[in-house]
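File shown here: data18.txt, holding compact mmCIF, C-alpha atoms.
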# COMPACT_ATOMS: atom_id res chain seq x y z
CA MET A 252 28.01 -25.98 -50.09
CA LYS A 253 28.79 -29.38 -48.61
CA ILE A 254 27.71 -29.84 -44.98
CA ASN A 255 30.12 -31.54 -42.58
CA LYS A 256 28.01 -34.40 -41.21
CA SER A 257 29.97 -34.69 -37.96
CA LYS A 258 29.44 -31.02 -37.13
CA PHE A 259 25.82 -31.19 -38.25
CA TYR A 260 24.89 -34.17 -36.07
CA ASN A 261 26.95 -32.86 -33.18
CA PHE A 262 25.07 -29.54 -33.32
CA ILE A 263 21.71 -31.33 -33.37
CA PHE A 264 22.75 -33.54 -30.44
CA ALA A 265 23.84 -30.52 -28.37
CA THR A 266 20.60 -28.71 -29.22
CA VAL A 267 18.48 -31.70 -28.18
CA LEU A 268 20.46 -31.99 -24.94
CA LEU A 269 19.99 -28.35 -23.96
CA LEU A 270 16.33 -28.27 -24.99
CA GLN A 271 15.76 -31.29 -22.78
CA ILE A 272 16.77 -29.08 -19.84
CA PHE A 273 15.51 -25.63 -20.77
CA LEU A 274 12.41 -26.30 -22.88
CA PRO A 275 9.67 -26.83 -20.27
CA SER A 276 7.27 -28.77 -22.51
CA PHE A 277 7.90 -32.50 -22.09
CA ARG A 278 5.71 -33.47 -25.05
CA THR A 279 7.38 -30.92 -27.33
CA ASN A 280 10.77 -32.39 -26.45
CA ILE A 281 9.57 -35.91 -27.23
CA LEU A 282 8.15 -34.84 -30.60
CA LEU A 283 11.39 -33.00 -31.44
CA GLN A 284 13.44 -36.09 -30.54
CA MET A 285 11.18 -38.25 -32.70
CA GLY A 286 11.68 -35.78 -35.53
CA VAL A 287 15.46 -35.85 -35.06
CA LEU A 288 15.51 -39.65 -35.23
CA ALA A 289 13.23 -39.63 -38.27
CA LEU A 290 15.64 -37.20 -39.98
CA PHE A 291 18.59 -39.45 -39.19
CA PHE A 292 16.81 -42.54 -40.53
CA THR A 293 15.97 -40.60 -43.69
CA LEU A 294 19.50 -39.37 -44.33
CA GLU A 295 21.55 -42.36 -43.18
CA GLU A 296 21.74 -46.09 -43.66
CA VAL A 297 21.17 -47.24 -40.09
CA LYS A 298 23.00 -50.26 -38.70
CA ILE A 299 22.27 -51.38 -35.14
CA THR A 300 24.42 -54.05 -33.53
CA LYS A 301 23.24 -57.02 -31.50
CA GLY A 302 25.13 -55.60 -28.53
CA PHE A 303 23.10 -52.38 -28.53
CA LEU A 304 19.84 -54.28 -29.04
CA LYS A 305 20.71 -56.47 -26.06
CA ILE A 306 21.11 -53.39 -23.86
CA ILE A 307 18.02 -51.52 -25.09
CA LEU A 308 15.71 -54.57 -25.29
CA PRO A 309 14.58 -54.52 -21.60
CA ILE A 310 13.28 -50.94 -21.82
CA ILE A 311 11.61 -51.67 -25.18
CA LEU A 312 9.81 -54.60 -23.52
CA LEU A 313 8.88 -52.32 -20.61
CA PHE A 314 7.37 -49.89 -23.09
CA LEU A 315 5.35 -52.67 -24.76
CA MET A 316 4.22 -54.20 -21.45
CA GLY A 317 2.42 -50.99 -20.56
CA PHE A 318 -0.05 -51.65 -23.37
CA LEU A 319 -1.33 -54.82 -21.67
CA GLY A 320 -3.02 -52.88 -18.89
CA PHE A 321 -4.19 -50.23 -21.34
CA ILE A 322 -5.93 -52.85 -23.50
CA ILE A 323 -7.38 -54.80 -20.54
CA HIS A 324 -8.67 -51.83 -18.54
CA ARG A 325 -9.49 -49.56 -21.50
CA TYR A 326 -8.10 -46.39 -19.97
CA SER A 327 -8.52 -42.97 -21.52
CA PHE A 328 -6.20 -42.60 -24.50
CA PHE A 329 -5.30 -39.08 -23.32
CA ASN A 330 -4.06 -40.46 -19.98
CA ALA A 331 -2.28 -43.32 -21.74
CA LEU A 332 -0.52 -40.92 -24.11
CA LYS A 333 1.40 -39.30 -21.24
CA ASP A 334 2.62 -42.72 -20.05
CA ILE A 335 3.52 -43.70 -23.60
CA PHE A 336 5.65 -40.56 -23.93
CA HIS A 337 7.32 -41.25 -20.58
CA SER A 338 8.06 -44.85 -21.53
CA ILE A 339 9.43 -44.05 -24.97
CA LYS A 340 11.70 -41.21 -23.76
CA PRO A 341 14.66 -43.41 -22.65
CA ILE A 342 14.42 -45.38 -25.91
CA LEU A 343 14.67 -42.14 -27.88
CA GLY A 344 17.52 -40.79 -25.73
CA LEU A 345 19.59 -43.98 -26.00
CA SER A 346 19.00 -44.20 -29.75
CA ILE A 347 19.91 -40.57 -30.46
CA GLY A 348 23.12 -40.74 -28.43
CA TYR A 349 24.07 -44.11 -29.92
CA LEU A 350 23.28 -43.46 -33.59
CA PHE A 351 24.64 -39.92 -33.74
CA PHE A 352 28.01 -40.68 -32.18
CA LYS A 353 28.35 -43.97 -33.96
CA LYS A 354 28.16 -41.85 -37.12
CA ILE A 355 30.38 -39.02 -35.80
CA ASN A 356 32.96 -41.52 -34.54
CA ASP A 357 35.01 -39.00 -32.55
CA PHE A 358 35.25 -39.69 -28.82
CA LYS A 359 37.05 -36.45 -28.00
CA LEU A 360 34.31 -34.48 -29.75
CA PHE A 361 31.69 -36.46 -27.79
CA VAL A 362 33.29 -35.58 -24.43
CA LYS A 363 33.93 -31.97 -25.46
CA THR A 364 30.29 -31.60 -26.53
CA ILE A 365 29.03 -32.79 -23.15
CA VAL A 366 31.46 -30.48 -21.34
CA LEU A 367 30.55 -27.42 -23.42
CA CYS A 368 26.82 -28.12 -23.05
CA GLY A 369 27.42 -28.37 -19.31
CA LEU A 370 29.25 -25.04 -19.43
CA ILE A 371 26.33 -23.39 -21.26
CA SER A 372 23.97 -24.78 -18.61
CA ALA A 373 26.22 -23.43 -15.83
CA VAL A 374 26.35 -19.95 -17.40
CA ILE A 375 22.54 -19.92 -17.69
CA HIS A 376 22.36 -21.07 -14.05
CA PHE A 377 24.55 -18.17 -12.94
CA GLY A 378 22.53 -15.78 -15.08
CA ILE A 379 19.27 -16.83 -13.43
CA LEU A 380 20.77 -16.53 -9.93
CA PHE A 381 22.15 -13.02 -10.58
CA ILE A 382 19.11 -11.70 -12.47
CA THR A 383 16.70 -12.85 -9.75
CA GLY A 384 19.10 -11.83 -6.98
CA ASN A 385 18.60 -15.22 -5.32
CA ILE A 386 22.34 -15.81 -5.07
CA PHE A 387 22.53 -12.99 -2.49
CA SER A 388 19.52 -14.15 -0.45
CA GLY A 389 21.45 -16.39 1.95
CA SER A 390 18.62 -18.92 1.64
CA VAL A 391 19.14 -22.36 0.13
CA ASN A 392 15.47 -22.49 -0.87
CA SER A 393 15.79 -19.18 -2.75
CA VAL A 394 18.96 -20.29 -4.53
CA ARG A 395 17.18 -23.50 -5.61
CA GLU A 396 13.92 -21.79 -6.56
CA PHE A 397 14.39 -22.09 -10.34
CA ASN A 398 17.08 -24.77 -10.63
CA LYS A 399 16.93 -27.91 -8.48
CA ASP A 400 19.81 -29.86 -10.05
CA SER A 401 21.87 -30.39 -13.19
CA PHE A 402 23.30 -33.80 -13.88
CA LEU A 403 24.53 -32.52 -17.24
CA GLU A 404 26.88 -30.15 -15.41
CA LEU A 405 27.97 -32.82 -12.94
CA PHE A 406 28.78 -35.39 -15.62
CA ALA A 407 30.46 -32.65 -17.68
CA LEU A 408 32.65 -31.78 -14.69
CA PHE A 409 33.82 -35.35 -14.11
CA MET A 410 34.32 -36.00 -17.83
CA ALA A 411 36.46 -32.85 -18.08
CA LEU A 412 38.49 -33.72 -14.99
CA TYR A 413 39.26 -37.34 -15.90
CA TYR A 414 39.41 -37.34 -19.70
CA LYS A 415 43.20 -36.93 -19.73
CA LYS A 416 43.67 -39.68 -17.13
CA PHE A 417 42.15 -42.27 -19.48
CA GLN A 418 42.84 -40.85 -22.94
CA GLN A 419 46.37 -39.53 -22.32
CA GLN A 420 45.66 -36.24 -24.11
CA ASP A 421 44.29 -32.82 -23.23
CA LEU A 422 40.61 -32.17 -23.86
CA PHE A 423 41.26 -28.46 -24.48
CA SER A 424 44.42 -27.00 -25.99
CA SER A 425 44.37 -24.03 -23.58
CA SER A 426 45.01 -24.90 -19.93
CA VAL A 427 43.51 -21.53 -18.91
CA ASN A 428 40.23 -22.33 -20.68
CA PHE A 429 40.21 -25.77 -19.08
CA LYS A 430 40.67 -24.33 -15.56
CA VAL A 431 37.96 -21.71 -16.11
CA ILE A 432 35.51 -24.35 -17.35
CA VAL A 433 36.23 -26.67 -14.40
CA PHE A 434 35.86 -23.78 -11.93
CA LEU A 435 32.52 -22.64 -13.38
CA LEU A 436 31.14 -26.19 -13.50
CA THR A 437 32.27 -26.90 -9.93
CA PHE A 438 30.85 -23.66 -8.52
CA SER A 439 27.56 -24.13 -10.37
CA CYS A 440 27.20 -27.73 -9.16
CA VAL A 441 27.75 -26.63 -5.55
CA LEU A 442 25.08 -23.93 -5.84
CA TYR A 443 22.38 -26.50 -6.62
CA PHE A 444 22.61 -27.79 -3.02
CA SER A 445 21.18 -31.05 -4.32
CA ARG A 446 21.24 -34.25 -2.26
CA THR A 447 20.95 -36.40 -5.37
CA MET A 448 23.87 -34.60 -7.00
CA ILE A 449 26.02 -35.19 -3.91
CA VAL A 450 25.36 -38.93 -4.04
CA THR A 451 25.91 -38.95 -7.81
CA ALA A 452 29.27 -37.22 -7.36
CA ILE A 453 30.28 -39.97 -4.92
CA ILE A 454 29.15 -42.66 -7.40
CA LEU A 455 31.15 -41.07 -10.22
CA PHE A 456 34.25 -40.68 -8.04
CA PHE A 457 34.06 -44.28 -6.79
CA SER A 458 33.53 -45.58 -10.33
CA ILE A 459 36.52 -43.68 -11.71
CA LYS A 460 38.71 -44.91 -8.85
CA GLY A 461 37.59 -48.50 -9.49
CA TYR A 462 35.83 -48.86 -6.12
CA THR A 463 32.55 -50.10 -7.61
CA GLN A 464 33.98 -53.51 -8.49
CA ILE A 465 33.25 -56.00 -5.71
CA THR A 466 36.61 -56.91 -4.18
CA GLN A 467 37.89 -57.25 -0.60
CA LYS A 468 39.32 -53.74 -0.81
CA THR A 469 36.13 -52.14 -2.10
CA ILE A 470 34.01 -53.98 0.48
CA LYS A 471 36.15 -52.40 3.21
CA ILE A 472 35.82 -48.97 1.58
CA ILE A 473 32.05 -49.32 1.22
CA LEU A 474 31.68 -50.50 4.84
CA SER A 475 33.78 -47.53 5.99
CA LEU A 476 31.53 -45.21 3.98
CA LEU A 477 28.40 -46.76 5.52
CA VAL A 478 29.85 -46.29 9.03
CA PHE A 479 30.59 -42.64 8.19
CA ILE A 480 27.02 -42.15 6.91
CA ALA A 481 25.59 -43.79 10.06
CA LEU A 482 27.68 -41.50 12.28
CA PHE A 483 26.69 -38.48 10.20
CA TYR A 484 22.99 -39.31 10.59
CA ALA A 485 23.48 -39.92 14.32
CA PHE A 486 24.91 -36.40 14.47
CA LEU A 487 22.01 -34.94 12.45
CA PHE A 488 19.42 -36.52 14.73
CA SER A 489 21.28 -35.34 17.83
CA ILE A 490 20.91 -31.66 16.93
CA LYS A 491 17.93 -29.45 16.20
CA ILE A 492 17.75 -28.38 12.56
CA GLU A 493 15.12 -25.87 11.51
CA ARG A 494 13.33 -26.50 8.24
CA ASN A 495 13.42 -23.01 6.69
CA LYS A 496 16.34 -21.39 8.51
CA PRO A 497 18.66 -19.43 6.17
CA GLY A 498 21.99 -21.00 5.30
CA LEU A 499 22.86 -24.68 5.11
CA ASP A 500 20.25 -25.76 7.68
CA THR A 501 17.72 -26.31 4.88
CA LEU A 502 20.06 -28.71 3.07
CA LEU A 503 20.93 -30.53 6.30
CA PHE A 504 17.22 -30.85 7.12
CA LYS A 505 16.53 -32.37 3.69
CA ILE A 506 19.43 -34.80 4.12
CA LYS A 507 18.10 -35.72 7.57
CA ILE A 508 14.62 -36.64 6.33
CA ALA A 509 15.81 -38.25 3.06
CA PRO A 510 15.39 -41.94 4.12
CA SER A 511 11.95 -41.44 5.68
CA GLU A 512 10.91 -39.24 2.75
CA ILE A 513 11.20 -42.28 0.50
CA PHE A 514 10.22 -45.19 2.73
CA LYS A 515 7.82 -43.87 5.40
CA THR A 516 4.24 -44.84 4.59
CA LYS A 517 2.38 -44.12 7.85
CA ILE A 518 1.58 -40.50 7.10
CA ASP A 519 -1.07 -38.18 8.51
CA ARG A 520 -2.64 -36.63 5.43
CA GLU A 521 -4.07 -33.78 7.50
CA ASN A 522 -0.61 -32.84 8.75
CA HIS A 523 0.72 -30.95 5.75
CA LYS A 524 4.32 -30.74 7.00
CA ASP A 525 4.42 -34.50 7.54
CA LEU A 526 2.74 -35.12 4.18
CA TRP A 527 5.10 -32.95 2.10
CA ASP A 528 8.17 -34.23 3.94
CA HIS A 529 7.19 -37.80 3.02
CA TRP A 530 5.39 -37.21 -0.26
CA ARG A 531 7.27 -39.94 -2.15
CA GLY A 532 6.26 -42.47 0.48
CA TYR A 533 2.62 -41.35 0.35
CA GLU A 534 2.47 -41.67 -3.45
CA ALA A 535 3.91 -45.19 -3.26
CA LYS A 536 1.50 -46.16 -0.48
CA ARG A 537 -1.51 -45.11 -2.54
CA ALA A 538 -0.19 -46.98 -5.60
CA PHE A 539 0.27 -50.22 -3.62
CA GLU A 540 -3.21 -49.89 -2.08
CA LEU A 541 -4.73 -49.60 -5.54
CA MET A 542 -2.72 -52.60 -6.78
CA SER A 543 -4.03 -54.66 -3.87
CA ASP A 544 -7.54 -54.18 -5.25
CA ASN A 545 -6.40 -55.98 -8.41
CA PRO A 546 -3.74 -58.59 -7.43
CA SER A 547 -2.92 -59.49 -11.04
CA SER A 548 -1.45 -55.99 -11.40
CA TYR A 549 1.48 -57.13 -9.27
CA ILE A 550 2.48 -59.41 -12.16
CA PHE A 551 1.71 -57.32 -15.25
CA GLY A 552 1.14 -53.85 -13.76
CA CYS A 553 -1.75 -51.48 -14.30
CA GLY A 554 -0.47 -50.30 -17.68
CA HIS A 555 -0.32 -47.08 -19.65
CA GLY A 556 -3.11 -44.70 -18.68
CA SER A 557 -3.51 -45.93 -15.09
CA LEU A 558 -3.77 -43.17 -12.50
CA VAL A 559 -3.02 -43.09 -8.77
CA ASN A 560 -5.89 -41.73 -6.66
CA LEU A 561 -4.37 -39.50 -3.96
CA LYS A 562 -7.74 -39.29 -2.13
CA PHE A 563 -7.47 -35.50 -1.93
CA TYR A 564 -6.66 -32.57 -4.18
CA ALA A 565 -2.92 -31.97 -3.85
CA PRO A 566 -1.64 -28.49 -4.83
CA LEU A 567 0.63 -29.78 -7.60
CA SER A 568 -0.70 -28.01 -10.68
CA GLY A 569 -0.40 -24.33 -9.77
CA PRO A 570 -1.62 -21.73 -7.25
CA ASN A 571 -4.84 -20.95 -9.12
CA ASP A 572 -6.02 -24.54 -9.51
CA LYS A 573 -7.82 -26.63 -6.94
CA GLY A 574 -5.11 -29.27 -7.26
CA MET A 575 -4.66 -32.78 -8.61
CA LYS A 576 -6.42 -35.81 -7.20
CA PHE A 577 -5.19 -38.29 -9.82
CA ILE A 578 -1.55 -38.53 -10.93
CA SER A 579 0.12 -40.76 -13.51
CA GLU A 580 3.76 -40.46 -12.41
CA LEU A 581 5.38 -41.12 -9.02
CA HIS A 582 8.61 -39.58 -7.74
CA ASN A 583 9.94 -42.94 -6.54
CA GLY A 584 10.70 -44.83 -9.72
CA TYR A 585 10.55 -48.35 -8.32
CA PRO A 586 6.90 -48.15 -7.16
CA TYR A 587 6.19 -46.29 -10.44
CA ILE A 588 7.62 -49.13 -12.56
CA LEU A 589 5.91 -51.75 -10.38
CA TYR A 590 2.57 -49.93 -10.64
CA LYS A 591 2.75 -49.56 -14.41
CA THR A 592 4.39 -52.87 -15.44
CA GLY A 593 4.35 -55.16 -12.38
CA ILE A 594 7.03 -57.54 -11.12
CA LEU A 595 7.91 -58.56 -14.68
CA GLY A 596 8.60 -54.94 -15.55
CA MET A 597 10.70 -54.50 -12.42
CA ILE A 598 12.83 -57.51 -13.38
CA LEU A 599 13.37 -56.06 -16.86
CA TYR A 600 14.37 -52.69 -15.42
CA LEU A 601 16.85 -54.19 -12.97
CA LEU A 602 18.25 -56.35 -15.80
CA PHE A 603 18.83 -53.17 -17.82
CA LEU A 604 20.70 -51.55 -14.91
CA TRP A 605 22.67 -54.74 -14.20
CA ARG A 606 23.92 -54.92 -17.77
CA LEU A 607 25.15 -51.35 -17.48
CA TYR A 608 26.86 -51.95 -14.13
CA ARG A 609 28.68 -55.03 -15.48
CA TYR A 610 30.79 -52.76 -17.68
CA ALA A 611 32.84 -52.14 -14.51
CA TYR A 612 34.31 -55.62 -15.00
CA LYS A 613 35.22 -55.14 -18.67
CA THR A 614 38.46 -53.70 -20.01
CA ARG A 615 38.96 -50.50 -18.01
CA THR A 616 38.39 -47.59 -20.40
CA PHE A 617 36.75 -44.21 -19.97
CA ASN A 618 33.67 -45.62 -21.73
CA SER A 619 33.33 -48.71 -19.54
CA VAL A 620 33.73 -46.60 -16.39
CA LEU A 621 31.19 -44.07 -17.67
CA ILE A 622 28.59 -46.71 -18.61
CA SER A 623 28.96 -48.56 -15.31
CA SER A 624 28.68 -45.34 -13.29
CA ILE A 625 25.53 -44.38 -15.24
CA GLY A 626 24.02 -47.76 -14.34
CA LEU A 627 24.69 -47.08 -10.64
CA PHE A 628 23.43 -43.52 -11.03
CA PHE A 629 20.11 -44.73 -12.44
CA PHE A 630 19.88 -47.41 -9.74
CA PHE A 631 20.02 -44.64 -7.12
CA SER A 632 18.14 -41.87 -8.95
CA THR A 633 15.20 -44.21 -9.59
CA LEU A 634 14.54 -43.97 -5.85
CA THR A 635 14.26 -40.20 -5.88
CA ILE A 636 13.60 -38.77 -9.36
CA THR A 637 12.21 -41.71 -11.40
CA GLY A 638 15.56 -42.68 -12.97
CA ILE A 639 15.45 -43.06 -16.75
CA TYR A 640 11.80 -41.98 -16.74
CA ASN A 641 12.47 -38.54 -15.29
CA PHE A 642 11.05 -36.06 -17.79
CA GLY A 643 14.20 -33.89 -17.72
CA ASP A 644 16.83 -36.63 -17.71
CA ILE A 645 19.78 -36.06 -20.06
CA VAL A 646 22.09 -38.81 -18.82
CA ILE A 647 20.36 -41.36 -21.06
CA PHE A 648 21.69 -39.41 -24.12
CA ILE A 649 25.22 -39.56 -22.71
CA LEU A 650 24.78 -43.29 -22.14
CA GLY A 651 23.82 -43.84 -25.80
CA GLY A 652 26.98 -42.12 -27.01
CA ALA A 653 29.16 -44.00 -24.52
CA ILE A 654 27.75 -47.34 -25.70
CA ALA A 655 28.54 -46.46 -29.32
CA PHE A 656 32.20 -45.82 -28.47
CA SER A 657 32.33 -48.86 -26.19
CA GLU A 658 31.48 -51.05 -29.18
CA LYS A 659 34.26 -49.39 -31.16
CA ASN A 660 36.74 -50.07 -28.34
CA SER A 661 35.67 -53.72 -28.21
CA LEU A 662 36.25 -54.12 -31.95
CA THR A 663 39.68 -52.50 -31.64
CA ILE A 664 40.68 -54.75 -28.75
CA ASN A 665 39.43 -57.87 -30.55
CA SER A 666 41.29 -56.99 -33.76
CA LYS A 667 44.50 -56.48 -31.77
CA THR A 668 43.99 -59.86 -30.08
CA LEU A 669 43.52 -61.59 -33.43
Produce structure tokens that represent the structure in this file.
Amino acid sequence: MKINKSKFYNFIFATVLLLQIFLPSFRTNILLQMGVLALFFTLEEVKITKGFLKIILPIILLFLMGFLGFIIHRYSFFNALKDIFHSIKPILGLSIGYLFFKKINDFKLFVKTIVLCGLISAVIHFGILFITGNIFSGSVNSVREFNKDSFLELFALFMALYYKKFQQQDLFSSSVNFKVIVFLLTFSCVLYFSRTMIVTAIILFFSIKGYTQITQKTIKIILSLLVFIALFYAFLFSIKIERNKPGLDTLLFKIKIAPSEIFKTKIDRENHKDLWDHWRGYEAKRAFELMSDNPSSYIFGCGHGSLVNLKFYAPLSGPNDKGMKFISELHNGYPYILYKTGILGMILYLLFLWRLYRYAYKTRTFNSVLISSIGLFFFFSTLTITGIYNFGDIVIFILGGAIAFSEKNSLTINSKTL
């Protein structure tokens, strides 16, 4: 029996995507993704374009730069292995998305796969909420106990909603199925009560509407948005919001402390409420203090295997453990990248994001809009959930596929021009 390669690779891609979310072992996921790539290289004649290499090169260099500190400081190989896995993850994700859909060569199937994977994730989300009974608790914290966010569902929702606008065809033949899918994805996304998802939704909407290109019109829109945000925060600080009160107060409290959570560094370690509310800032503060002891690390970073000394045992590893005093990963991705690879690494990372964002100025297609919005998404999410280095990130796989089809669109446009 002859196997349909498109269906075969599409099935593997969908499986990898869902395992990335629902398989809790980060290392197992990385090994599976390596195995998937190895299988592809065995079965196919691989051709990688200069355009793709230009995009992926900064994060390959970031990966290699981490070995400088590892060699100089001679860290434990076990500690370095975790950083190596973290650094190679976006390279694997980009490559799988790019190579698989370059081979499949069906943009509608690509979008439909993302949407259906998002639907599966949403159904599982609902199942968890109903089985645990958390959906009836009236508490935001209870609803978010097992699922903090799902960017797969959010991207699936926007891709489903705007596919027809760009492609001039229906994604699903049945309008009833389409409406059910959009409803389930929307409802599931709302139930995450995620600040990062709210901002991501705004980024996606602005990108699709063309507001992320810098023009006089978009500057006015962005300034209006900033004024609205300032007024909203003025309102939040003018009222008393209780931390653990049932209902939306928990979400509003988290939104209220969001800026200080990231940037505040003067933190009383003995005040646990203050410490947990500003944990990202505390992690970054400790990383910068350790870098100050070795100024050269600001240039090249501390490398793979370097650990941040928290100066106390933080309860991060489970209720029965005494806690973790040394950590290898920070929540705020920019201090994390600076700590591991220095200023040179930070420049490479921003270059990677800039190249993605610049797609907003290319021929306006669904791909160019998607790639540009992903660049902006990573620019923001790096502040809160480590960006492309987040262990559960799936957006990097979507980016790889989008780049593959963007190259195809460029070739089509060029051939028409000639």
Between A:Ile636, A:Cys553, A:Ile518, A:Ile382, single out the one closest to Ile594 (chain A), counting only C-alpha atoms. A:Cys553
Write out as a list of chain:residue names which residues come within 6 Å of region 355-366 of chain A when counting all atoms listed in the file, dropping same-chain ones fewer than 2 positions away.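 Once the adjacent positions are removed, what remains is A:Ser257, A:Phe352, A:Lys353, A:Cys368, A:Gly369, A:Ala407.
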Any idea what the distance is between CA of Lys562 (chain A) and CA of Arg531 (chain A)? 15.0 Å
Please indicate the distance in Å from CA of Ser543 (chain A) to CA of Ser511 (chain A), rounded to one decimal place. 22.8 Å
Would you mind reading off the distance between CA of Ile339 (chain A) and CA of Glu540 (chain A), one decimal, in Å?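 Atom-to-atom, CA of Ile339 (chain A) to CA of Glu540 (chain A), that is 26.8 Å.
Using all atoms listed in the file, the smallest distance between any of A:Val433, A:Ile508, A:Ala331, A:Val394 and Glu580 (chain A) comes from A:Ala331.
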Counting all atoms listed in the file, the residue of A:Phe406, A:Tyr414, A:Phe423, A:Phe291 that sits nearest Thr437 (chain A): A:Phe406
Quick one: everything within 12 Å of Leu476 (chain A), counting all atoms listed in the file, minus sequence neighbours fewer than 6 positions away in the same chain. Send it as a list in words.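 What passes the distance filter is Val450, Ile453, Ile454, Phe457, Tyr462, Thr469, Ile470, Leu482 and Phe483 of chain A.
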Which residues are near Gly317 (chain A)? Cut-off 9 Å, only C-alpha atoms, ignore same chain within fewer than 3 positions. Put them as a ChimeraX atom specification. /A:312-314,320-321,334-335,338,551-556,591-592,596
Pick the closest to Leu350 (chain A) from A:Leu499, A:Ile299, A:Leu581, A:Ala538: which is it, counting only C-alpha atoms? A:Ile299
Of the listed residues A:Val374, A:Leu367, A:Leu308, A:Leu343, that which approaches Leu282 (chain A) most closely, counting all atoms listed in the file: A:Leu343
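Nearest residue to Thr300 (chain A), choosing from A:Leu589, A:Ser346, A:Gln271, A:Leu405 and counting only C-alpha atoms: A:Ser346.
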Name all residues at most 12 Å from Asn255 (chain A) (count all atoms listed in the file; drop same-chain ones fewer than 6 positions away) and give them as an MDAnalysis selection string. chainID A and resid 261:262 354:355
Step by step: start from the point (21.7, -40.2, -32.2) in the file's coordinates, keep every protein, DNA or RNA residue that has an atom no farther than 12 Å from it, count all atoms listed in the file, and write the set as JSON, numbers by chain. {"A": [257, 259, 260, 261, 262, 263, 264, 265, 266, 267, 268, 284, 285, 286, 287, 288, 289, 290, 291, 292, 295, 297, 299, 342, 343, 344, 345, 346, 347, 348, 349, 350, 351, 352, 353, 354, 355, 356, 361, 647, 648, 649, 650, 651, 652, 653, 654, 655]}
When you look at Thr447 (chain A) with a cut-off of 9 Å (counting only C-alpha atoms), what residues show up, excluding the ones that are within fewer than 5 positions of it in the same chain? I need them as a list of chain:residue names. A:Asp400, A:Ala452, A:Phe631, A:Ser632, A:Thr635, A:Ile636
